[in-house]
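K.L.:
Before we start, here is the structure in question, set down as structure tokens.
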Amino acid sequence: MSGRALFKFRLYVAGDTQNSVLARANLASICETHLREHYQIEIVDVLREPKRGLVDGVFMTPTLLMLAPSPAKKIVGNLSQTERVLQVLGLESMAAHE
Amino acid sequence: MIRNKKRTNENNAKASTGIPGFDEVTHGGLPQGRTTLLVGGPGSGKTLFGLRFLVEGARELGEPGIFVAFEETAKRVVANAEAFGWELPKLQRKSLFFLDAQPSAELIHAGEFDLSGMLAALGAQADEMGAKRIVFDAIDIVLALLPDATMRRREIYRLQEWLLEREMTGLITAKAGGDEASSFGPNPFSFMHFMVDCAVTLNHRVALGVSQRNLRVLKYRGSSFDENEAPFVIGTSGFDVAIARTLGPKEINVSQERVSSGVKRLDTMLGGGYYRGASVLITGFPGTAKTTLSGAFAEAACRRGERTMFFSFDSDGSEVVRNLASVNIRLDRYVKSGVLRMISARTISGSAESLLVRIKSLAREHKARCVVIDPVSTLAKVGNELTAHGVAERLIDWSKADGMTLVCTSLLDEMNGQLEGGTPLQISTIADTWIHLNYLVQAGERNRGLSIIKSRGTSHSNQVRELILTDDGVTLADIYTAGGEVLMGTMRWEKESAERVAKEVAEVAGKLKRVSLDAEEAVLEVRAKSLQTELVAKQVEKTLLERTTHSLKGEQSRGRIRMRELRGGDVMRSKRTGGKA
């Protein structure tokens with residue numbers, strides 16, 4: 001566990017809309033459950049920093065970017081489909097082990 | 001609620017699209033500060049329409065714009081539009097922003113999402129550049145990502161609200177409708193039609209193997225518009241919607257000015273020539289000198305220094321110039337000086353509509369005042385006849401509106417054209433002047449005859465004339481009617497020479513008669529003189545005679561007195577004195 005790489009996330013949300021609130025909560029929960037302290041989350045609110053979305057090519061909110069470990073991944077949606085999220089992030093097997 | 005408020009505020013302002021024809025159909029363009037939905041099948045020209053709309057704003061009206069590309073990348077959109085000469089890269093720096101918003105193929109969904117991220121980013125961008133126009137190209141791509149109709153609707157409303165709030169003139173394009181190749185479901189955007197203020201469809205059909213593009217405005221809140229399908233063409237300048245000149249405010253200037261037909265006697269027949277801005281139709285079978293007659297018109301126009309355009313669909317432009325030179329119609333110098341432009345478009349493919357658009361744009365480019373289309377019947381050949389008729393009408397409307405004098409030739413088919421009537425385009429009914437050329441076969445000859453079937457607003461000769469092509473030019477000759485028969489060609493020449501001979505004979509006879517009369521007169525004069533002389537002689541003789549007689553008498557009386565004296569008789573004095581007296 002200790003040798004595990006650090007997971008870097010950037011979550012784009014749009015203020016406090018329902019999906020944004022959900023996405024934040026879902027991401028926090030997934031990270032707490034599966035990654036414990038091996039993660040960093042940066043929240044970008046497009047309503048406050050609208051131009052950042054252009055840089056990352058994010059047009060739909062909420063969008064989760066996994067910046068590390070590579071390859072980078074992009075997940076669109078409020079992350080309520082936990083199984084799918086874990087699968088994409090490569091955490092599925094670990095979930096099964098634990 | 002918000003929408004209603006906005007509408008009253010904006011007072012039906014229109015945002016010009018810069019698309020020739022479309023602004024006329026909608027009386028000004030898209031509804032300003034509101035949303036328009038543009039629906040069409042694949043390849044129907046939606047992206048181009050949107051781009052043109054932005055270019056017009058950015059380049060001409062000082063309204064910066066944003067192009068949101070959901071389908072093609074911005075780079076490809078710019079590259080594809082390069083051919084139209086809009087200089088997009090130049091505009092891109094300041095007044096035109098492209099947003100690449102293609103959903104990437106690796107995009108992974110996990111739960112619900114919405115478009116607020118994009119709208120927030122766009123909002124910031126729009127504020128920064130002061131954008132007034134925005135195009136969402138291929139919204140269907142994004143909508144397809146959304147799981148159900150409710151969510152699609154929600155996002156569309158989100159978009160709509162966003163647009164209204166920012167008072168931007170929005171254009172949303174979607175692949176649907178128009179034809180059966182549309183991407184999904186029957187009419188997936190029906191709710192959008194209700195939502196937007198203006199809806200336009202583009203469709204692309206193939207009729208008899210010829211492509212036909214049509215545009216139709218479905219709805220336009222708060223404005224009147226032309227409800228019919230209008231054909232359009234994607235040409236060199238982008239997008240061109242063909243519409244008939246809408247009657248009303250723009251009445252054409254009717255001119256009294258005459259322009260020469262290039263044939264002096266024809267001008268006389270027409271009472272001075274064609275009217276400026278008139279449309280002239282020259283019909284005839286192949287080889288009846290239609291091209292020659294229209295060439296004569298072109299030459300006359302060039303001689304007056306008027307910019308002229310000659311469209312030749314039958315033969316190459318240089319061939320036409322060469323052929324016309326054989327009848328002393330010299331166009332080469334005007335081609336060289338640039339006054340005349342020859343366009344040959346032989347066996348061109350495309351719909352009648354696209355031909356018309358090409359004719360229009362070329363003539364505008366050349367700033368032509370006189371246009372010759374030889375032959376206009378080409379229009380009917382390549383498209384289906386129904387649309388070609390509309391095209392011919394539009395052609396004439398267009399030339400009239402621009403004050404151009406238009407000469408069209410039209411080939412009559414030997415098979416169906418025997419009756420001196422219907423041209424393929426039925427253009428004869430709308431043309432102002434209709435000149436018909438035909439052959440008269442007689443005495444083993446074919447001769448060209450010219451007659452004016454109609455010429456609106458001018459008194460014109462009703463007589464058939466013979467059209468003669470010589471090395472010196474084109475001219476008309478009177479024809480003889482003898483015993484109800486029309487004499488042309490050699491027969492006319494024979495008749496003419498016979499008359500000439502007869503005239504000469506009469507002249508000679510008259511001269512002879514005069515000479516003989518002169519002679520008689522001379523004889524009589526001589527006789528009169530000799531008689532006069534004789535008379536004088538007689539008179540002299542007579543006087544002499546009288547005098548002789550008198551003196552004789554005197555002598556006698558004197559003699560008698562003397563005798564009496566001598567005899568010494570008593571003399572009666574009185575008698576003596578009397579005798580003396």
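Residue numbering restarts at 1 for every chain of the structure tokens, chains are lettered A, B, ... in their displayed order, and ligands are numbered from 1 as they appear.
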Could you give me the residues within chain A that DSSP places in helix (DSSP H, G or I), as JSON, numbers by chain?

P.N.:
{"A": [18, 19, 20, 21, 22, 23, 24, 25, 26, 27, 28, 29, 30, 31, 32, 33, 34, 50, 51, 52, 53, 54, 55, 56, 82, 83, 84, 85, 86, 87, 88, 89, 92, 93, 94, 95, 96, 97]}

K.L.:
Those residues with N, CA, C and O atoms, as a short mmCIF file (atom, residue, chain, number, x, y, z; two decimals), in the first residue's frame please?

P.N.:
```cif
data_model
loop_
_atom_site.label_atom_id
_atom_site.label_comp_id
_atom_site.auth_asym_id
_atom_site.auth_seq_id
_atom_site.Cartn_x
_atom_site.Cartn_y
_atom_site.Cartn_z
N GLN A 18 -26.74 20.52 -8.96
CA GLN A 18 -26.95 19.19 -8.39
C GLN A 18 -25.84 18.21 -8.80
O GLN A 18 -25.26 17.52 -7.97
N ASN A 19 -25.54 18.18 -10.07
CA ASN A 19 -24.54 17.25 -10.56
C ASN A 19 -23.15 17.57 -9.99
O ASN A 19 -22.38 16.65 -9.70
N SER A 20 -22.86 18.84 -9.81
CA SER A 20 -21.55 19.23 -9.30
C SER A 20 -21.39 18.81 -7.85
O SER A 20 -20.34 18.27 -7.45
N VAL A 21 -22.42 19.05 -7.09
CA VAL A 21 -22.38 18.66 -5.68
C VAL A 21 -22.22 17.14 -5.56
O VAL A 21 -21.38 16.63 -4.82
N LEU A 22 -22.98 16.42 -6.38
CA LEU A 22 -22.92 14.97 -6.39
C LEU A 22 -21.53 14.48 -6.76
O LEU A 22 -20.98 13.57 -6.15
N ALA A 23 -20.97 15.09 -7.79
CA ALA A 23 -19.67 14.66 -8.28
C ALA A 23 -18.61 14.84 -7.21
O ALA A 23 -17.77 13.96 -6.99
N ARG A 24 -18.66 15.99 -6.53
CA ARG A 24 -17.69 16.24 -5.47
C ARG A 24 -17.79 15.16 -4.37
O ARG A 24 -16.79 14.59 -3.94
N ALA A 25 -19.01 14.90 -3.98
CA ALA A 25 -19.23 13.92 -2.92
C ALA A 25 -18.80 12.53 -3.37
O ALA A 25 -18.11 11.80 -2.63
N ASN A 26 -19.15 12.14 -4.60
CA ASN A 26 -18.81 10.82 -5.10
C ASN A 26 -17.30 10.65 -5.20
O ASN A 26 -16.78 9.59 -4.84
N LEU A 27 -16.61 11.68 -5.67
CA LEU A 27 -15.16 11.57 -5.82
C LEU A 27 -14.50 11.43 -4.45
O LEU A 27 -13.63 10.57 -4.25
N ALA A 28 -14.96 12.25 -3.52
CA ALA A 28 -14.39 12.20 -2.16
C ALA A 28 -14.57 10.82 -1.57
O ALA A 28 -13.64 10.23 -1.01
N SER A 29 -15.75 10.28 -1.78
CA SER A 29 -16.06 8.97 -1.21
C SER A 29 -15.19 7.88 -1.83
O SER A 29 -14.65 7.02 -1.14
N ILE A 30 -15.06 7.92 -3.17
CA ILE A 30 -14.26 6.91 -3.86
C ILE A 30 -12.80 6.98 -3.38
O ILE A 30 -12.18 5.96 -3.09
N CYS A 31 -12.29 8.20 -3.29
CA CYS A 31 -10.90 8.38 -2.91
C CYS A 31 -10.66 7.88 -1.48
O CYS A 31 -9.67 7.19 -1.20
N GLU A 32 -11.58 8.24 -0.60
CA GLU A 32 -11.45 7.84 0.80
C GLU A 32 -11.46 6.33 0.91
O GLU A 32 -10.67 5.72 1.63
N THR A 33 -12.38 5.70 0.13
CA THR A 33 -12.54 4.26 0.22
C THR A 33 -11.35 3.53 -0.37
O THR A 33 -10.84 2.58 0.22
N HIS A 34 -10.89 3.96 -1.55
CA HIS A 34 -9.93 3.14 -2.29
C HIS A 34 -8.51 3.66 -2.29
O HIS A 34 -7.59 2.92 -2.60
N PRO A 50 -13.77 30.50 -15.61
CA PRO A 50 -14.35 29.96 -16.86
C PRO A 50 -13.32 29.59 -17.91
O PRO A 50 -13.54 28.68 -18.69
N LYS A 51 -12.19 30.30 -17.93
CA LYS A 51 -11.25 30.06 -19.02
C LYS A 51 -10.46 28.75 -18.87
O LYS A 51 -9.89 28.26 -19.83
N ARG A 52 -10.45 28.21 -17.68
CA ARG A 52 -9.65 27.01 -17.47
C ARG A 52 -10.22 25.82 -18.22
O ARG A 52 -9.47 24.94 -18.65
N GLY A 53 -11.50 25.81 -18.34
CA GLY A 53 -12.13 24.71 -19.07
C GLY A 53 -11.65 24.64 -20.51
O GLY A 53 -11.47 23.57 -21.08
N LEU A 54 -11.43 25.80 -21.10
CA LEU A 54 -10.96 25.86 -22.49
C LEU A 54 -9.59 25.20 -22.62
O LEU A 54 -9.31 24.51 -23.59
N VAL A 55 -8.75 25.46 -21.62
CA VAL A 55 -7.39 24.92 -21.67
C VAL A 55 -7.43 23.39 -21.66
O VAL A 55 -6.74 22.73 -22.44
N ASP A 56 -8.24 22.83 -20.81
CA ASP A 56 -8.30 21.38 -20.69
C ASP A 56 -9.30 20.75 -21.64
O ASP A 56 -9.46 19.53 -21.66
N THR A 82 -20.42 4.21 -9.63
CA THR A 82 -19.16 3.93 -8.94
C THR A 82 -18.36 2.82 -9.64
O THR A 82 -17.15 2.96 -9.84
N GLU A 83 -19.03 1.73 -9.99
CA GLU A 83 -18.35 0.60 -10.63
C GLU A 83 -17.59 1.04 -11.87
O GLU A 83 -16.44 0.69 -12.09
N ARG A 84 -18.28 1.84 -12.63
CA ARG A 84 -17.71 2.33 -13.90
C ARG A 84 -16.48 3.20 -13.63
O ARG A 84 -15.45 3.07 -14.29
N VAL A 85 -16.60 4.06 -12.63
CA VAL A 85 -15.50 4.97 -12.30
C VAL A 85 -14.28 4.17 -11.86
O VAL A 85 -13.16 4.39 -12.34
N LEU A 86 -14.52 3.20 -11.00
CA LEU A 86 -13.41 2.38 -10.50
C LEU A 86 -12.75 1.63 -11.64
O LEU A 86 -11.53 1.53 -11.72
N GLN A 87 -13.56 1.15 -12.53
CA GLN A 87 -13.05 0.39 -13.68
C GLN A 87 -12.13 1.26 -14.52
O GLN A 87 -11.04 0.86 -14.92
N VAL A 88 -12.59 2.48 -14.76
CA VAL A 88 -11.82 3.38 -15.61
C VAL A 88 -10.52 3.79 -14.91
O VAL A 88 -9.47 3.88 -15.53
N LEU A 89 -10.60 4.00 -13.61
CA LEU A 89 -9.41 4.45 -12.88
C LEU A 89 -8.45 3.30 -12.58
O LEU A 89 -7.35 3.52 -12.08
N GLU A 92 -10.61 -1.19 -9.84
CA GLU A 92 -11.63 -2.23 -9.72
C GLU A 92 -11.05 -3.46 -9.00
O GLU A 92 -11.64 -3.99 -8.05
N SER A 93 -9.88 -3.90 -9.45
CA SER A 93 -9.28 -5.13 -8.89
C SER A 93 -9.00 -4.97 -7.40
O SER A 93 -9.24 -5.87 -6.61
N MET A 94 -8.51 -3.76 -7.06
CA MET A 94 -8.21 -3.50 -5.67
C MET A 94 -9.46 -3.54 -4.81
O MET A 94 -9.44 -4.06 -3.71
N ALA A 95 -10.55 -3.04 -5.42
CA ALA A 95 -11.81 -3.06 -4.68
C ALA A 95 -12.21 -4.50 -4.40
O ALA A 95 -12.68 -4.83 -3.32
N ALA A 96 -11.95 -5.37 -5.38
CA ALA A 96 -12.31 -6.76 -5.21
C ALA A 96 -11.44 -7.43 -4.12
O ALA A 96 -11.93 -8.23 -3.34
N HIS A 97 -10.15 -7.06 -4.08
CA HIS A 97 -9.25 -7.64 -3.09
C HIS A 97 -9.62 -7.29 -1.68
O HIS A 97 -9.52 -8.11 -0.79
#
```

K.L.:
Can you tell me, as a PDB file with N, CA and C atoms, in the first residue's frame, what residues are no more than 8 Å from stretch 40-43 of chain A when counting only C-alpha atoms, ignoring any on the same chain fewer than 2 positions away?

P.N.:
```
ATOM      1  N   LEU A   6       0.900   8.202  -6.441  1.00  0.00           N
ATOM      2  CA  LEU A   6      -0.042   9.248  -6.022  1.00  0.00           C
ATOM      3  C   LEU A   6      -1.058   9.507  -7.141  1.00  0.00           C
ATOM      4  N   PHE A   7      -2.304   9.560  -6.817  1.00  0.00           N
ATOM      5  CA  PHE A   7      -3.366   9.864  -7.799  1.00  0.00           C
ATOM      6  C   PHE A   7      -3.662  11.358  -7.759  1.00  0.00           C
ATOM      7  N   LYS A   8      -3.530  11.977  -8.929  1.00  0.00           N
ATOM      8  CA  LYS A   8      -3.849  13.414  -9.004  1.00  0.00           C
ATOM      9  C   LYS A   8      -5.142  13.593  -9.802  1.00  0.00           C
ATOM     10  N   PHE A   9      -6.079  14.250  -9.184  1.00  0.00           N
ATOM     11  CA  PHE A   9      -7.369  14.481  -9.856  1.00  0.00           C
ATOM     12  C   PHE A   9      -7.626  15.979 -10.023  1.00  0.00           C
ATOM     13  N   ARG A  10      -8.296  16.323 -11.096  1.00  0.00           N
ATOM     14  CA  ARG A  10      -8.818  17.686 -11.246  1.00  0.00           C
ATOM     15  C   ARG A  10     -10.295  17.541 -11.603  1.00  0.00           C
ATOM     16  N   LEU A  11     -11.129  18.085 -10.784  1.00  0.00           N
ATOM     17  CA  LEU A  11     -12.572  17.952 -11.009  1.00  0.00           C
ATOM     18  C   LEU A  11     -13.151  19.314 -11.394  1.00  0.00           C
ATOM     19  N   TYR A  12     -13.738  19.323 -12.561  1.00  0.00           N
ATOM     20  CA  TYR A  12     -14.412  20.545 -13.030  1.00  0.00           C
ATOM     21  C   TYR A  12     -15.868  20.499 -12.604  1.00  0.00           C
ATOM     22  N   VAL A  13     -16.317  21.517 -11.946  1.00  0.00           N
ATOM     23  CA  VAL A  13     -17.728  21.589 -11.558  1.00  0.00           C
ATOM     24  C   VAL A  13     -18.276  22.957 -11.933  1.00  0.00           C
ATOM     25  N   HIS A  38      -3.435   8.609  -0.642  1.00  0.00           N
ATOM     26  CA  HIS A  38      -2.610   8.664  -1.856  1.00  0.00           C
ATOM     27  C   HIS A  38      -3.279   9.431  -2.998  1.00  0.00           C
ATOM     28  N   ASP A  45     -13.971  25.405 -10.347  1.00  0.00           N
ATOM     29  CA  ASP A  45     -15.355  25.843 -10.577  1.00  0.00           C
ATOM     30  C   ASP A  45     -15.380  26.709 -11.833  1.00  0.00           C
TER      31      ASP A  45
END
```

K.L.:
What are the residues of chain A that have an atom within 6 Å of an atom of chain B, counting only C-alpha atoms, as a PDB file with N, CA, C and O atoms, in the first residue's frame?

P.N.:
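Produced file iface20.pdb, reproduced below:
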```pdb
ATOM      1  N   VAL A  46     -16.011  26.195 -12.873  1.00  0.00           N
ATOM      2  CA  VAL A  46     -15.997  26.930 -14.149  1.00  0.00           C
ATOM      3  C   VAL A  46     -16.737  28.258 -14.051  1.00  0.00           C
ATOM      4  O   VAL A  46     -16.527  29.141 -14.872  1.00  0.00           O
ATOM      5  N   LEU A  47     -17.586  28.400 -13.103  1.00  0.00           N
ATOM      6  CA  LEU A  47     -18.291  29.679 -12.967  1.00  0.00           C
ATOM      7  C   LEU A  47     -17.338  30.747 -12.427  1.00  0.00           C
ATOM      8  O   LEU A  47     -17.497  31.930 -12.700  1.00  0.00           O
ATOM      9  N   PRO A  50     -13.769  30.500 -15.608  1.00  0.00           N
ATOM     10  CA  PRO A  50     -14.347  29.956 -16.856  1.00  0.00           C
ATOM     11  C   PRO A  50     -13.319  29.592 -17.912  1.00  0.00           C
ATOM     12  O   PRO A  50     -13.536  28.677 -18.688  1.00  0.00           O
ATOM     13  N   LYS A  51     -12.190  30.297 -17.934  1.00  0.00           N
ATOM     14  CA  LYS A  51     -11.248  30.060 -19.023  1.00  0.00           C
ATOM     15  C   LYS A  51     -10.464  28.752 -18.865  1.00  0.00           C
ATOM     16  O   LYS A  51      -9.889  28.259 -19.826  1.00  0.00           O
ATOM     17  N   PHE A  59     -15.925  20.711 -21.613  1.00  0.00           N
ATOM     18  CA  PHE A  59     -17.127  21.441 -22.015  1.00  0.00           C
ATOM     19  C   PHE A  59     -18.362  21.002 -21.260  1.00  0.00           C
ATOM     20  O   PHE A  59     -19.345  21.693 -21.203  1.00  0.00           O
ATOM     21  N   MET A  60     -18.269  19.799 -20.726  1.00  0.00           N
ATOM     22  CA  MET A  60     -19.420  19.314 -19.989  1.00  0.00           C
ATOM     23  C   MET A  60     -19.036  19.232 -18.517  1.00  0.00           C
ATOM     24  O   MET A  60     -17.904  18.869 -18.188  1.00  0.00           O
ATOM     25  N   THR A  61     -19.921  19.591 -17.690  1.00  0.00           N
ATOM     26  CA  THR A  61     -19.640  19.491 -16.246  1.00  0.00           C
ATOM     27  C   THR A  61     -20.644  18.540 -15.618  1.00  0.00           C
ATOM     28  O   THR A  61     -21.791  18.497 -16.056  1.00  0.00           O
ATOM     29  N   PRO A  62     -20.254  17.848 -14.613  1.00  0.00           N
ATOM     30  CA  PRO A  62     -18.888  17.762 -14.084  1.00  0.00           C
ATOM     31  C   PRO A  62     -17.992  16.859 -14.934  1.00  0.00           C
ATOM     32  O   PRO A  62     -18.497  15.937 -15.567  1.00  0.00           O
ATOM     33  N   ILE A  75     -13.294  11.585 -17.314  1.00  0.00           N
ATOM     34  CA  ILE A  75     -14.615  10.984 -17.067  1.00  0.00           C
ATOM     35  C   ILE A  75     -15.646  12.103 -16.953  1.00  0.00           C
ATOM     36  O   ILE A  75     -15.457  13.066 -16.198  1.00  0.00           O
ATOM     37  N   VAL A  76     -16.685  11.971 -17.726  1.00  0.00           N
ATOM     38  CA  VAL A  76     -17.739  12.973 -17.703  1.00  0.00           C
ATOM     39  C   VAL A  76     -18.935  12.423 -16.925  1.00  0.00           C
ATOM     40  O   VAL A  76     -19.313  11.267 -17.101  1.00  0.00           O
ATOM     41  N   GLY A  77     -19.482  13.267 -16.090  1.00  0.00           N
ATOM     42  CA  GLY A  77     -20.678  12.835 -15.371  1.00  0.00           C
ATOM     43  C   GLY A  77     -20.515  13.057 -13.871  1.00  0.00           C
ATOM     44  O   GLY A  77     -19.444  13.464 -13.411  1.00  0.00           O
ATOM     45  N   ASN A  78     -21.566  12.789 -13.127  1.00  0.00           N
ATOM     46  CA  ASN A  78     -21.543  13.080 -11.688  1.00  0.00           C
ATOM     47  C   ASN A  78     -20.922  11.942 -10.856  1.00  0.00           C
ATOM     48  O   ASN A  78     -20.993  11.953  -9.637  1.00  0.00           O
ATOM     49  N   LEU A  79     -20.343  10.946 -11.549  1.00  0.00           N
ATOM     50  CA  LEU A  79     -19.585   9.861 -10.914  1.00  0.00           C
ATOM     51  C   LEU A  79     -20.449   8.980 -10.023  1.00  0.00           C
ATOM     52  O   LEU A  79     -19.941   8.297  -9.124  1.00  0.00           O
ATOM     53  N   SER A  80     -21.758   8.995 -10.286  1.00  0.00           N
ATOM     54  CA  SER A  80     -22.628   8.175  -9.442  1.00  0.00           C
ATOM     55  C   SER A  80     -22.546   6.690  -9.815  1.00  0.00           C
ATOM     56  O   SER A  80     -22.928   5.834  -9.033  1.00  0.00           O
ATOM     57  N   GLN A  81     -22.018   6.413 -10.999  1.00  0.00           N
ATOM     58  CA  GLN A  81     -21.858   5.003 -11.376  1.00  0.00           C
ATOM     59  C   GLN A  81     -20.490   4.533 -10.871  1.00  0.00           C
ATOM     60  O   GLN A  81     -19.511   4.476 -11.628  1.00  0.00           O
TER      61      GLN A  81
END
```

K.L.:
Can you list, as JSON, numbers by chain, every protein, DNA or RNA residue that comes within 10 Å of B:Asp432 when you count only C-alpha atoms, leaving out same-chain residues fewer than 4 positions away?

P.N.:
{"B": [274, 275, 277, 278, 279, 280, 281, 396, 406, 427, 428, 454, 455, 456, 457, 458]}

K.L.:
With N, CA, C and O atoms retained, could you export that selection as a PDB file, in the first residue's frame?

P.N.:
```
ATOM      1  N   TYR B 274     -33.519  48.196 -78.935  1.00  0.00           N
ATOM      2  CA  TYR B 274     -34.093  47.590 -77.732  1.00  0.00           C
ATOM      3  C   TYR B 274     -34.171  48.664 -76.666  1.00  0.00           C
ATOM      4  O   TYR B 274     -33.417  49.624 -76.678  1.00  0.00           O
ATOM      5  N   TYR B 275     -35.069  48.452 -75.709  1.00  0.00           N
ATOM      6  CA  TYR B 275     -35.066  49.338 -74.541  1.00  0.00           C
ATOM      7  C   TYR B 275     -33.901  48.974 -73.643  1.00  0.00           C
ATOM      8  O   TYR B 275     -33.562  47.807 -73.497  1.00  0.00           O
ATOM      9  N   GLY B 277     -32.297  47.849 -70.480  1.00  0.00           N
ATOM     10  CA  GLY B 277     -32.835  47.032 -69.390  1.00  0.00           C
ATOM     11  C   GLY B 277     -33.868  46.009 -69.827  1.00  0.00           C
ATOM     12  O   GLY B 277     -34.432  45.312 -68.996  1.00  0.00           O
ATOM     13  N   ALA B 278     -34.107  45.936 -71.116  1.00  0.00           N
ATOM     14  CA  ALA B 278     -35.091  44.977 -71.593  1.00  0.00           C
ATOM     15  C   ALA B 278     -34.463  43.600 -71.721  1.00  0.00           C
ATOM     16  O   ALA B 278     -33.243  43.456 -71.756  1.00  0.00           O
ATOM     17  N   SER B 279     -35.302  42.610 -71.758  1.00  0.00           N
ATOM     18  CA  SER B 279     -34.796  41.269 -72.027  1.00  0.00           C
ATOM     19  C   SER B 279     -35.253  40.880 -73.427  1.00  0.00           C
ATOM     20  O   SER B 279     -36.420  40.982 -73.761  1.00  0.00           O
ATOM     21  N   VAL B 280     -34.301  40.487 -74.217  1.00  0.00           N
ATOM     22  CA  VAL B 280     -34.560  40.198 -75.620  1.00  0.00           C
ATOM     23  C   VAL B 280     -34.331  38.717 -75.854  1.00  0.00           C
ATOM     24  O   VAL B 280     -33.342  38.155 -75.391  1.00  0.00           O
ATOM     25  N   LEU B 281     -35.254  38.111 -76.529  1.00  0.00           N
ATOM     26  CA  LEU B 281     -35.120  36.690 -76.841  1.00  0.00           C
ATOM     27  C   LEU B 281     -34.991  36.537 -78.347  1.00  0.00           C
ATOM     28  O   LEU B 281     -35.781  37.091 -79.104  1.00  0.00           O
ATOM     29  N   ILE B 396     -34.461  36.933 -65.755  1.00  0.00           N
ATOM     30  CA  ILE B 396     -35.004  38.171 -66.310  1.00  0.00           C
ATOM     31  C   ILE B 396     -35.270  39.189 -65.198  1.00  0.00           C
ATOM     32  O   ILE B 396     -34.942  40.365 -65.321  1.00  0.00           O
ATOM     33  N   LEU B 406     -30.457  42.414 -71.522  1.00  0.00           N
ATOM     34  CA  LEU B 406     -30.158  40.994 -71.627  1.00  0.00           C
ATOM     35  C   LEU B 406     -30.609  40.477 -72.990  1.00  0.00           C
ATOM     36  O   LEU B 406     -31.755  40.668 -73.378  1.00  0.00           O
ATOM     37  N   ILE B 427     -39.634  31.158 -71.877  1.00  0.00           N
ATOM     38  CA  ILE B 427     -39.076  32.484 -71.618  1.00  0.00           C
ATOM     39  C   ILE B 427     -39.731  33.492 -72.557  1.00  0.00           C
ATOM     40  O   ILE B 427     -39.792  34.679 -72.283  1.00  0.00           O
ATOM     41  N   SER B 428     -40.271  32.966 -73.668  1.00  0.00           N
ATOM     42  CA  SER B 428     -40.847  33.868 -74.665  1.00  0.00           C
ATOM     43  C   SER B 428     -41.996  34.687 -74.096  1.00  0.00           C
ATOM     44  O   SER B 428     -42.244  35.794 -74.545  1.00  0.00           O
ATOM     45  N   LYS B 454     -42.756  39.911 -81.009  1.00  0.00           N
ATOM     46  CA  LYS B 454     -43.318  40.916 -80.110  1.00  0.00           C
ATOM     47  C   LYS B 454     -42.226  41.852 -79.650  1.00  0.00           C
ATOM     48  O   LYS B 454     -41.047  41.497 -79.630  1.00  0.00           O
ATOM     49  N   SER B 455     -42.626  43.024 -79.299  1.00  0.00           N
ATOM     50  CA  SER B 455     -41.705  43.965 -78.700  1.00  0.00           C
ATOM     51  C   SER B 455     -42.544  44.917 -77.872  1.00  0.00           C
ATOM     52  O   SER B 455     -43.216  45.789 -78.387  1.00  0.00           O
ATOM     53  N   ARG B 456     -42.511  44.673 -76.581  1.00  0.00           N
ATOM     54  CA  ARG B 456     -43.389  45.438 -75.695  1.00  0.00           C
ATOM     55  C   ARG B 456     -43.030  46.910 -75.704  1.00  0.00           C
ATOM     56  O   ARG B 456     -41.870  47.280 -75.630  1.00  0.00           O
ATOM     57  N   GLY B 457     -44.037  47.711 -75.782  1.00  0.00           N
ATOM     58  CA  GLY B 457     -43.835  49.141 -75.632  1.00  0.00           C
ATOM     59  C   GLY B 457     -43.230  49.827 -76.827  1.00  0.00           C
ATOM     60  O   GLY B 457     -42.830  50.976 -76.756  1.00  0.00           O
ATOM     61  N   THR B 458     -43.118  49.104 -77.946  1.00  0.00           N
ATOM     62  CA  THR B 458     -42.604  49.777 -79.127  1.00  0.00           C
ATOM     63  C   THR B 458     -43.466  49.397 -80.312  1.00  0.00           C
ATOM     64  O   THR B 458     -43.946  48.279 -80.412  1.00  0.00           O
TER      65      THR B 458
END
```

K.L.:
How far is it from atom CA of A:Val44 to atom CA of A:Lys73, in Å with one decimal?

P.N.:
16.5 Å
